[in-house]
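For reference, target_3.txt is printed below; it contains compact mmCIF, C-alpha atoms.
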```
# COMPACT_ATOMS: atom_id res chain seq x y z
CA LYS A 1 0.00 0.00 0.00
CA LYS A 2 2.84 2.43 0.87
CA ARG A 3 4.45 1.61 -2.46
CA VAL A 4 1.20 2.41 -4.29
CA ARG A 5 0.84 5.74 -2.43
CA SER A 6 4.39 6.79 -3.30
CA ILE A 7 3.80 6.00 -6.97
CA ILE A 8 0.58 8.02 -6.90
CA VAL A 9 2.42 11.02 -5.39
CA LYS A 10 5.12 10.78 -8.05
CA LEU A 11 2.51 10.59 -10.78
CA GLY A 12 0.77 13.63 -9.36
CA LYS A 13 4.00 15.63 -9.36
CA HIS A 14 5.55 14.48 -12.60
CA GLY A 15 2.63 13.34 -14.75
CA LYS A 16 2.30 15.35 -17.97
CA ASP A 17 -1.47 15.56 -17.80
CA ARG A 18 -4.41 14.40 -15.73
CA LEU A 19 -5.31 11.69 -18.24
CA SER A 20 -2.00 9.88 -17.80
CA VAL A 21 -2.39 10.07 -14.02
CA ARG A 22 -5.89 8.63 -14.19
CA CYS A 23 -4.78 5.81 -16.50
CA SER A 24 -1.89 4.95 -14.21
CA LEU A 25 -4.16 4.98 -11.16
CA LEU A 26 -6.62 2.67 -12.94
CA ILE A 27 -3.81 0.18 -13.69
CA LEU A 28 -2.71 0.26 -10.05
CA LEU A 29 -6.25 -0.29 -8.81
CA ILE A 30 -6.74 -3.29 -11.11
CA ALA A 31 -3.47 -4.78 -9.88
CA ALA A 32 -4.43 -4.16 -6.25
CA LEU A 33 -7.82 -5.81 -6.73
CA ALA A 34 -6.22 -8.82 -8.41
CA CYS A 35 -3.90 -9.22 -5.45
CA THR A 36 -6.53 -8.77 -2.73
CA GLY A 37 -5.98 -11.63 -0.28
CA GLY A 38 -3.48 -13.20 -2.63
CA CYS A 39 -0.30 -11.15 -3.06
CA ALA A 40 2.44 -10.81 -0.51
CA GLU A 41 4.79 -7.83 -0.22
CA SER A 42 7.27 -9.68 -2.41
CA GLY A 43 4.66 -10.03 -5.16
CA VAL A 44 4.34 -13.81 -4.62
CA GLU A 45 0.77 -15.16 -4.48
CA ILE A 46 -0.18 -16.63 -1.10
CA CYS A 47 -1.53 -19.83 -2.69
CA GLY A 48 2.07 -20.98 -2.71
CA GLY A 49 1.92 -20.91 1.08
CA GLY A 50 -1.48 -22.60 1.31
CA CYS A 51 -4.97 -21.30 1.96
CA PRO A 52 -6.85 -20.87 5.25
CA PRO A 53 -9.49 -23.41 6.36
CA GLY A 54 -12.60 -23.39 4.19
CA LYS A 55 -10.72 -22.08 1.16
CA ILE A 56 -8.75 -23.67 -1.69
CA CYS A 57 -6.40 -22.33 -4.33
CA ASP A 58 -7.81 -21.54 -7.76
CA TYR A 59 -4.82 -22.39 -9.93
CA GLU A 60 -6.20 -20.36 -12.83
CA THR A 61 -6.02 -17.08 -10.88
CA ASN A 62 -3.66 -18.23 -8.10
CA ARG A 63 -6.04 -16.91 -5.44
CA CYS A 64 -7.70 -18.46 -2.40
CA VAL A 65 -11.43 -18.95 -2.97
CA ASP A 66 -14.29 -20.48 -0.99
CA ALA A 67 -14.23 -24.27 -1.13
CA ARG A 68 -18.01 -24.47 -0.84
CA PRO A 69 -21.01 -22.13 -1.20
CA ASP A 70 -22.56 -20.39 1.80
CA GLU A 71 -25.90 -22.12 1.32
CA CYS A 72 -26.89 -25.76 1.83
CA PRO A 73 -26.35 -28.16 -1.10
CA ASP A 74 -29.30 -28.73 -3.42
CA ASP A 75 -29.50 -32.41 -2.47
CA VAL A 76 -29.35 -32.00 1.31
CA GLY A 77 -31.32 -34.77 3.04
CA ARG A 78 -29.60 -37.93 1.80
CA PHE A 79 -28.78 -40.36 4.62
CA LEU A 80 -30.49 -37.94 6.97
CA SER A 81 -30.13 -38.21 10.76
CA ALA A 82 -31.64 -35.64 13.13
CA ALA A 83 -31.96 -34.73 16.79
CA VAL A 84 -33.64 -31.95 18.80
CA ASP A 85 -31.48 -29.77 21.03
CA SER A 86 -32.33 -28.26 24.43
CA GLU A 87 -33.97 -25.26 22.70
CA ASN A 88 -36.22 -27.52 20.61
CA LYS A 89 -34.28 -26.76 17.43
CA ILE A 90 -33.55 -29.47 14.91
CA VAL A 91 -29.94 -30.42 14.23
CA PHE A 92 -29.26 -32.83 11.37
CA SER A 93 -26.50 -34.57 9.45
CA SER A 94 -26.73 -35.47 5.79
CA TYR A 95 -24.72 -36.70 2.82
CA SER A 96 -24.40 -34.49 -0.26
CA ARG A 97 -23.83 -36.54 -3.39
CA GLN A 98 -23.43 -33.25 -5.26
CA TYR A 99 -20.13 -32.59 -3.48
CA GLY A 100 -19.45 -35.95 -1.79
CA ASP A 101 -19.46 -34.19 1.60
CA LEU A 102 -20.76 -34.69 5.10
CA VAL A 103 -23.06 -31.76 5.89
CA VAL A 104 -24.39 -30.79 9.32
CA GLY A 105 -27.21 -28.29 9.59
CA ARG A 106 -29.38 -26.52 12.11
CA ILE A 107 -32.87 -25.12 11.69
CA ASN A 108 -33.26 -21.85 13.61
CA SER A 109 -36.37 -20.38 15.22
CA LYS A 110 -37.32 -18.67 11.94
CA GLY A 111 -37.29 -21.93 10.06
CA GLN A 112 -34.09 -21.05 8.24
CA VAL A 113 -31.61 -23.85 7.55
CA ASN A 114 -27.91 -23.19 8.08
CA CYS A 115 -25.41 -25.79 6.87
CA GLU A 116 -21.76 -26.56 7.54
CA TYR A 117 -19.63 -28.63 5.19
CA VAL A 118 -17.82 -30.78 7.75
CA ASP A 119 -15.80 -33.32 5.77
CA GLY A 120 -15.04 -34.19 2.15
CA MET A 121 -13.73 -30.85 0.93
CA PRO A 122 -10.54 -30.96 -1.15
CA VAL A 123 -7.28 -30.40 0.70
CA ASP A 124 -5.57 -28.94 -2.36
CA GLY A 125 -6.58 -26.57 -5.11
CA GLY A 126 -7.21 -26.94 -8.81
CA ALA A 127 -8.35 -25.17 -11.95
CA LEU A 128 -11.79 -23.68 -11.38
CA ASN A 129 -14.17 -22.28 -13.99
CA ASP A 130 -17.90 -21.67 -14.50
CA ALA A 131 -18.48 -25.33 -15.32
CA ASN A 132 -16.37 -26.49 -12.38
CA PRO A 133 -16.82 -23.89 -9.59
CA TYR A 134 -16.13 -26.30 -6.73
CA LEU A 135 -13.63 -29.15 -6.53
CA LEU A 136 -14.45 -32.52 -5.01
CA GLY A 137 -12.46 -34.23 -2.26
CA ASP A 138 -12.98 -37.66 -0.74
CA ASP A 139 -16.51 -39.07 -1.01
CA VAL A 140 -17.69 -39.13 2.62
CA GLY A 141 -20.88 -38.76 4.66
CA LEU A 142 -22.89 -41.83 3.69
CA TYR A 143 -25.00 -43.54 6.39
CA SER A 144 -24.61 -40.47 8.63
CA SER A 145 -25.77 -40.95 12.23
CA LEU A 146 -25.98 -37.93 14.54
CA ALA A 147 -26.28 -37.50 18.32
CA LEU A 148 -26.10 -34.43 20.56
CA ASP A 149 -24.22 -34.30 23.84
CA LEU A 150 -25.31 -32.44 27.01
CA PHE A 151 -23.95 -29.20 25.54
CA ASP A 152 -25.92 -29.61 22.30
CA ARG A 153 -22.71 -30.27 20.40
CA PRO A 154 -23.21 -32.61 17.41
CA HIS A 155 -21.35 -35.89 17.01
CA VAL A 156 -21.60 -37.79 13.72
CA ALA A 157 -20.57 -41.25 12.56
CA TYR A 158 -20.49 -41.86 8.80
CA PHE A 159 -18.91 -43.89 6.01
CA ASP A 160 -15.94 -42.78 3.93
CA ARG A 161 -16.59 -44.39 0.55
CA THR A 162 -13.27 -43.31 -0.95
CA ASN A 163 -11.18 -45.06 1.70
CA GLU A 164 -13.85 -47.62 2.71
CA LYS A 165 -13.57 -46.75 6.41
CA LEU A 166 -15.69 -45.53 9.30
CA ARG A 167 -15.33 -41.84 10.16
CA TYR A 168 -16.31 -39.89 13.27
CA ALA A 169 -16.73 -36.12 13.68
CA ARG A 170 -17.53 -34.02 16.71
CA LYS A 171 -17.84 -30.28 17.12
CA GLY A 172 -15.68 -28.92 19.92
CA ALA A 173 -14.94 -25.47 21.26
CA GLU A 174 -12.45 -24.80 18.46
CA GLY A 175 -14.43 -26.30 15.60
CA TRP A 176 -14.84 -29.73 14.07
CA GLU A 177 -12.61 -32.66 14.94
CA VAL A 178 -12.68 -35.41 12.32
CA VAL A 179 -10.98 -38.81 12.55
CA SER A 180 -10.92 -42.16 10.81
CA VAL A 181 -11.91 -44.74 13.42
CA PRO A 182 -9.09 -47.28 13.89
CA HIS A 183 -9.85 -50.90 13.12
CA THR A 184 -7.17 -53.26 14.41
CA PRO A 185 -8.32 -56.74 13.25
CA GLY A 186 -7.97 -56.09 9.53
CA ALA A 187 -6.24 -53.08 8.02
CA THR A 188 -7.80 -53.86 4.63
CA ASP A 189 -11.31 -54.48 5.92
CA VAL A 190 -14.15 -52.50 4.35
CA PHE A 191 -16.14 -51.29 7.35
CA GLY A 192 -18.47 -48.50 8.40
CA ARG A 193 -21.59 -48.87 6.28
CA ALA A 194 -24.95 -48.85 8.03
CA CYS A 195 -23.37 -47.20 11.06
CA SER A 196 -25.38 -46.06 14.08
CA LEU A 197 -24.06 -43.71 16.76
CA ALA A 198 -24.98 -43.29 20.44
CA LEU A 199 -23.24 -41.37 23.24
CA ASP A 200 -22.67 -42.78 26.70
CA SER A 201 -23.17 -40.87 29.96
CA ASP A 202 -19.75 -39.24 29.53
CA GLY A 203 -20.52 -38.07 26.02
CA LEU A 204 -18.20 -40.65 24.43
CA PRO A 205 -19.24 -42.34 21.18
CA ARG A 206 -20.36 -45.91 20.65
CA ILE A 207 -20.77 -46.85 17.03
CA ALA A 208 -22.33 -49.98 15.59
CA PHE A 209 -21.54 -50.76 11.95
CA PHE A 210 -21.35 -53.49 9.34
CA ASN A 211 -18.03 -55.03 8.33
CA GLU A 212 -18.38 -55.99 4.67
CA THR A 213 -15.16 -57.98 4.58
CA THR A 214 -16.12 -60.35 7.39
CA GLY A 215 -19.89 -59.98 7.09
CA SER A 216 -20.15 -59.19 10.79
CA LEU A 217 -21.80 -56.57 12.97
CA GLU A 218 -19.28 -54.71 15.12
CA ILE A 219 -19.35 -52.07 17.84
CA THR A 220 -16.51 -49.67 18.52
CA ARG A 221 -16.25 -47.50 21.63
CA LYS A 222 -14.04 -44.54 22.40
CA LEU A 223 -12.56 -44.58 25.90
CA SER A 224 -11.75 -41.59 28.10
CA ASN A 225 -8.03 -42.04 27.33
CA GLY A 226 -8.71 -41.58 23.62
CA ARG A 227 -8.32 -45.23 22.64
CA TRP A 228 -10.95 -47.16 20.69
CA THR A 229 -12.11 -50.68 21.51
CA LEU A 230 -13.77 -53.13 19.14
CA GLU A 231 -16.33 -55.88 19.73
CA LYS A 232 -17.84 -58.30 17.24
CA ILE A 233 -21.51 -59.16 17.68
CA PRO A 234 -22.60 -62.69 16.69
CA LEU A 235 -25.43 -62.66 14.14
CA ASP A 236 -26.60 -66.25 14.67
```
Please lay out the structure from this file as C-alpha cells.
Amino acid sequence: KKRVRSIIVKLGKHGKDRLSVRCSLLILLIAALACTGGCAESGVEICGGGCPPGKICDYETNRCVDARPDECPDDVGRFLSAAVDSENKIVFSSYSRQYGDLVVGRINSKGQVNCEYVDGMPVDGGALNDANPYLLGDDVGLYSSLALDLFDRPHVAYFDRTNEKLRYARKGAEGWEVVSVPHTPGATDVFGRACSLALDSDGLPRIAFFNETTGSLEITRKLSNGRWTLEKIPLD
C-alpha cells in the first residue's frame, strides 16, 4: 500500500497531464484488486503458502477462494439423521452426493436452515471455472448418524466411501474434529456402512456398523483415554 501511495504522489508531481495520471491509477487499482488476499509484499501469491481453512487455491487465478457455497447443497437430506437440542431446534446430518461431503445443519427459530460442510472438501486446489466452480475431495458422509451431547454439540458417525472406512466427527470449542476410526483386526477391511451412533453418559461415542469384509456386525467405543475398543456381535 505504501508503495502504491508513493507512486501516486510521483505521478501527481511528474505526470504530464491528468489523463495519464488517471490511467496509471486505474492500472494500479486493477493490480491491487487482483492481489486482494493473494499477493504478498514480495509479489508472490499466497496460494504458494497454502490457503486458510474453508478455502482452496484456484490455480487459474492463483487466489484463495471459498471451497463451498454459503448455502446448503441442493440435495441436502440424503442419509439424513436428526436430533432436537435443548432449545427444541432441529440439528441434522446429511450426505451431499453433489459434493461428496458430510453436511451438518441446524434449523433456527425462523425456520431457516444453516449448513456446515464438515468433511469431504478438497485439501488442495485446482483449476476452477464456470463449469467447475467447486472441486471434489474424498466421497464421505454416507450412512450419517448424529447425536447431541449435554452441551448440544453434534457428534456424527459416517462412512468414507473413498477409503472404505468408518469416520467420526464431533464439534468442539475450536471447531470440528474429524478422525478415521481405527480398526485393528484387519487393516484392509471395508467397514463403516450402516453405522449407528450413540453417546454414553460421559458423552463418548459408541458406534455400531457393518463389516463388509467379514460380514459381521461390530461395535466400537471410544474410551476416556482416547483409545478405541472393538467388539464383534454374533449374528446367529
Give as a list in words each residue that has an atom at most 10 Å from (-19.0, -59.2, 8.8) in the file, counting all atoms listed in the file.
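Collected hits near the coordinates: Asp189, Val190, Phe191, Phe209, Phe210, Asn211, Glu212, Thr213, Thr214, Gly215, Ser216, Leu217, Glu218, Lys232, Ile233, Pro234 and Leu235 of chain A.
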With C-alpha atoms retained, export the selected residues as a compact mmCIF listing (two decimals), keeping the file's coordinate frame.
```txt
# COMPACT_ATOMS: atom_id res chain seq x y z
CA ASP A 189 -11.31 -54.48 5.92
CA VAL A 190 -14.15 -52.50 4.35
CA PHE A 191 -16.14 -51.29 7.35
CA PHE A 209 -21.54 -50.76 11.95
CA PHE A 210 -21.35 -53.49 9.34
CA ASN A 211 -18.03 -55.03 8.33
CA GLU A 212 -18.38 -55.99 4.67
CA THR A 213 -15.16 -57.98 4.58
CA THR A 214 -16.12 -60.35 7.39
CA GLY A 215 -19.89 -59.98 7.09
CA SER A 216 -20.15 -59.19 10.79
CA LEU A 217 -21.80 -56.57 12.97
CA GLU A 218 -19.28 -54.71 15.12
CA LYS A 232 -17.84 -58.30 17.24
CA ILE A 233 -21.51 -59.16 17.68
CA PRO A 234 -22.60 -62.69 16.69
CA LEU A 235 -25.43 -62.66 14.14
```
My list of candidates is A:Glu116, A:Glu60, A:Asp85, A:Asp200. Which is closest to Pro73 of chain A when distances are computed with all atoms listed in the file?
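Of all the options, A:Glu116 lies closest to Pro73 of chain A.
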For atom CA of Cys195 of chain A and atom CA of Ala208 of chain A, quote the distance in Å rounded to one decimal.
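A separation of 5.4 Å between them.
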For Tyr117 of chain A, list every protein, DNA or RNA residue within 9 Å, evaluated using all atoms listed in the file, and leave out those in the same chain fewer than 5 positions away; present the list as a VMD selection string.
chain A and resid 54 68 72 101 to 105
Could you tell me how far atom CA of Leu197 of chain A sits from atom CA of Leu146 of chain A, in Å to one decimal place?
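Between atom CA of Leu146 of chain A and atom CA of Leu197 of chain A the gap is 6.5 Å.
The smallest atom-to-atom distance between Asp202 of chain A and any of A:Glu71, A:Asp119, A:Asp149, A:Glu177, using only C-alpha atoms, is found for A:Asp149.
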How close does segment 64-115 of chain A get to segment 128-139 of chain A? List, as JSON lines, each residue of segment 64-115 of chain A within 10 Å, its nearest atom pair and the distance in Å to one decimal, counting all atoms listed in the file.
```
{"residue": "A:Val65", "atom": "CA", "partner": "A:Tyr134", "partner_atom": "CA", "distance": 9.5}
{"residue": "A:Asp66", "atom": "CA", "partner": "A:Tyr134", "partner_atom": "CA", "distance": 8.4}
{"residue": "A:Ala67", "atom": "CA", "partner": "A:Tyr134", "partner_atom": "CA", "distance": 6.3}
{"residue": "A:Arg68", "atom": "CA", "partner": "A:Tyr134", "partner_atom": "CA", "distance": 6.4}
{"residue": "A:Pro69", "atom": "CA", "partner": "A:Tyr134", "partner_atom": "CA", "distance": 8.5}
{"residue": "A:Tyr95", "atom": "CA", "partner": "A:Asp139", "partner_atom": "CA", "distance": 9.4}
{"residue": "A:Ser96", "atom": "CA", "partner": "A:Asp139", "partner_atom": "CA", "distance": 9.2}
{"residue": "A:Arg97", "atom": "CA", "partner": "A:Asp139", "partner_atom": "CA", "distance": 8.1}
{"residue": "A:Gln98", "atom": "CA", "partner": "A:Leu136", "partner_atom": "CA", "distance": 9.0}
{"residue": "A:Tyr99", "atom": "CA", "partner": "A:Leu136", "partner_atom": "CA", "distance": 5.9}
{"residue": "A:Gly100", "atom": "CA", "partner": "A:Asp139", "partner_atom": "CA", "distance": 4.4}
{"residue": "A:Asp101", "atom": "CA", "partner": "A:Asp139", "partner_atom": "CA", "distance": 6.3}
{"residue": "A:Leu102", "atom": "CA", "partner": "A:Asp139", "partner_atom": "CA", "distance": 8.6}
```
I'd like to know which of A:Phe92, A:Tyr168, A:Phe151, A:Tyr59 is closest to Ser196 of chain A, using all atoms listed in the file.
A:Tyr168
Box in all listed atoms of segment 146-163 of chain A, axis-aligned, with 3 Å more on each side; write out centre and edge lengths in Å to one decimal as AutoDock Vina command-line options.
```
--center_x -18.7 --center_y -37.1 --center_z 13.0 --size_x 21.1 --size_y 21.9 --size_z 34.0
```
I'd like to know which of A:Gly126, A:Pro205, A:Pro52, A:Gly175 is closest to Leu223 of chain A, using only C-alpha atoms.
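Closest candidate: A:Pro205.
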Go ahead and compute the interatomic distance for atom CA of Tyr158 of chain A and atom CA of Gly141 of chain A, in Å to one decimal.
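Those two atoms sit 5.2 Å apart.
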When you look at Gly50 of chain A with a cut-off of 12 Å (counting all atoms listed in the file), what residues show up, excluding the ones that are within fewer than 6 positions of it in the same chain? I need them as a ChimeraX atom specification.
/A:37-38,56-59,62-65,123-125
Quick one: residues within 9 Å of Ser109 of chain A, all atoms listed in the file, excluding same-chain residues fewer than 3 positions away - as an mmCIF file with C-alpha atoms, keeping the file's coordinate frame?
```
data_model
loop_
_atom_site.group_PDB
_atom_site.id
_atom_site.type_symbol
_atom_site.label_atom_id
_atom_site.label_comp_id
_atom_site.auth_asym_id
_atom_site.auth_seq_id
_atom_site.Cartn_x
_atom_site.Cartn_y
_atom_site.Cartn_z
ATOM 1 C CA ASN A 88 -36.220 -27.520 20.610
ATOM 2 C CA LYS A 89 -34.280 -26.760 17.430
ATOM 3 C CA GLN A 112 -34.090 -21.050 8.240
#
```
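With only C-alpha atoms as the atoms that count, the residue of A:Asp152, A:Phe159, A:Ala198, A:Ser94 with the shortest distance to Ser180 of chain A is A:Phe159.
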Atom completion result for segment 220-232 of chain A (N, CA and C atoms) as a compact mmCIF listing (two decimals), keeping the file's coordinate frame:
```txt
# COMPACT_ATOMS: atom_id res chain seq x y z
N THR A 220 -17.75 -50.29 18.05
CA THR A 220 -16.51 -49.67 18.52
C THR A 220 -16.86 -48.59 19.54
N ARG A 221 -16.03 -48.49 20.56
CA ARG A 221 -16.25 -47.50 21.63
C ARG A 221 -14.99 -46.67 21.81
N LYS A 222 -15.17 -45.39 22.07
CA LYS A 222 -14.04 -44.54 22.40
C LYS A 222 -13.95 -44.41 23.92
N LEU A 223 -12.76 -44.65 24.46
CA LEU A 223 -12.56 -44.58 25.90
C LEU A 223 -12.12 -43.16 26.31
N SER A 224 -12.13 -42.91 27.60
CA SER A 224 -11.75 -41.59 28.10
C SER A 224 -10.29 -41.25 27.83
N ASN A 225 -9.45 -42.28 27.62
CA ASN A 225 -8.03 -42.04 27.33
C ASN A 225 -7.76 -41.84 25.84
N GLY A 226 -8.85 -41.82 25.05
CA GLY A 226 -8.71 -41.58 23.62
C GLY A 226 -8.60 -42.82 22.77
N ARG A 227 -8.42 -43.99 23.40
CA ARG A 227 -8.32 -45.23 22.64
C ARG A 227 -9.70 -45.73 22.22
N TRP A 228 -9.71 -46.55 21.18
CA TRP A 228 -10.95 -47.16 20.69
C TRP A 228 -10.89 -48.67 20.93
N THR A 229 -12.01 -49.23 21.34
CA THR A 229 -12.11 -50.68 21.51
C THR A 229 -13.07 -51.23 20.46
N LEU A 230 -12.95 -52.52 20.17
CA LEU A 230 -13.77 -53.13 19.14
C LEU A 230 -14.37 -54.43 19.65
N GLU A 231 -15.64 -54.65 19.33
CA GLU A 231 -16.33 -55.88 19.73
C GLU A 231 -17.16 -56.39 18.58
N LYS A 232 -17.03 -57.67 18.28
CA LYS A 232 -17.84 -58.30 17.24
C LYS A 232 -19.09 -58.89 17.85
```
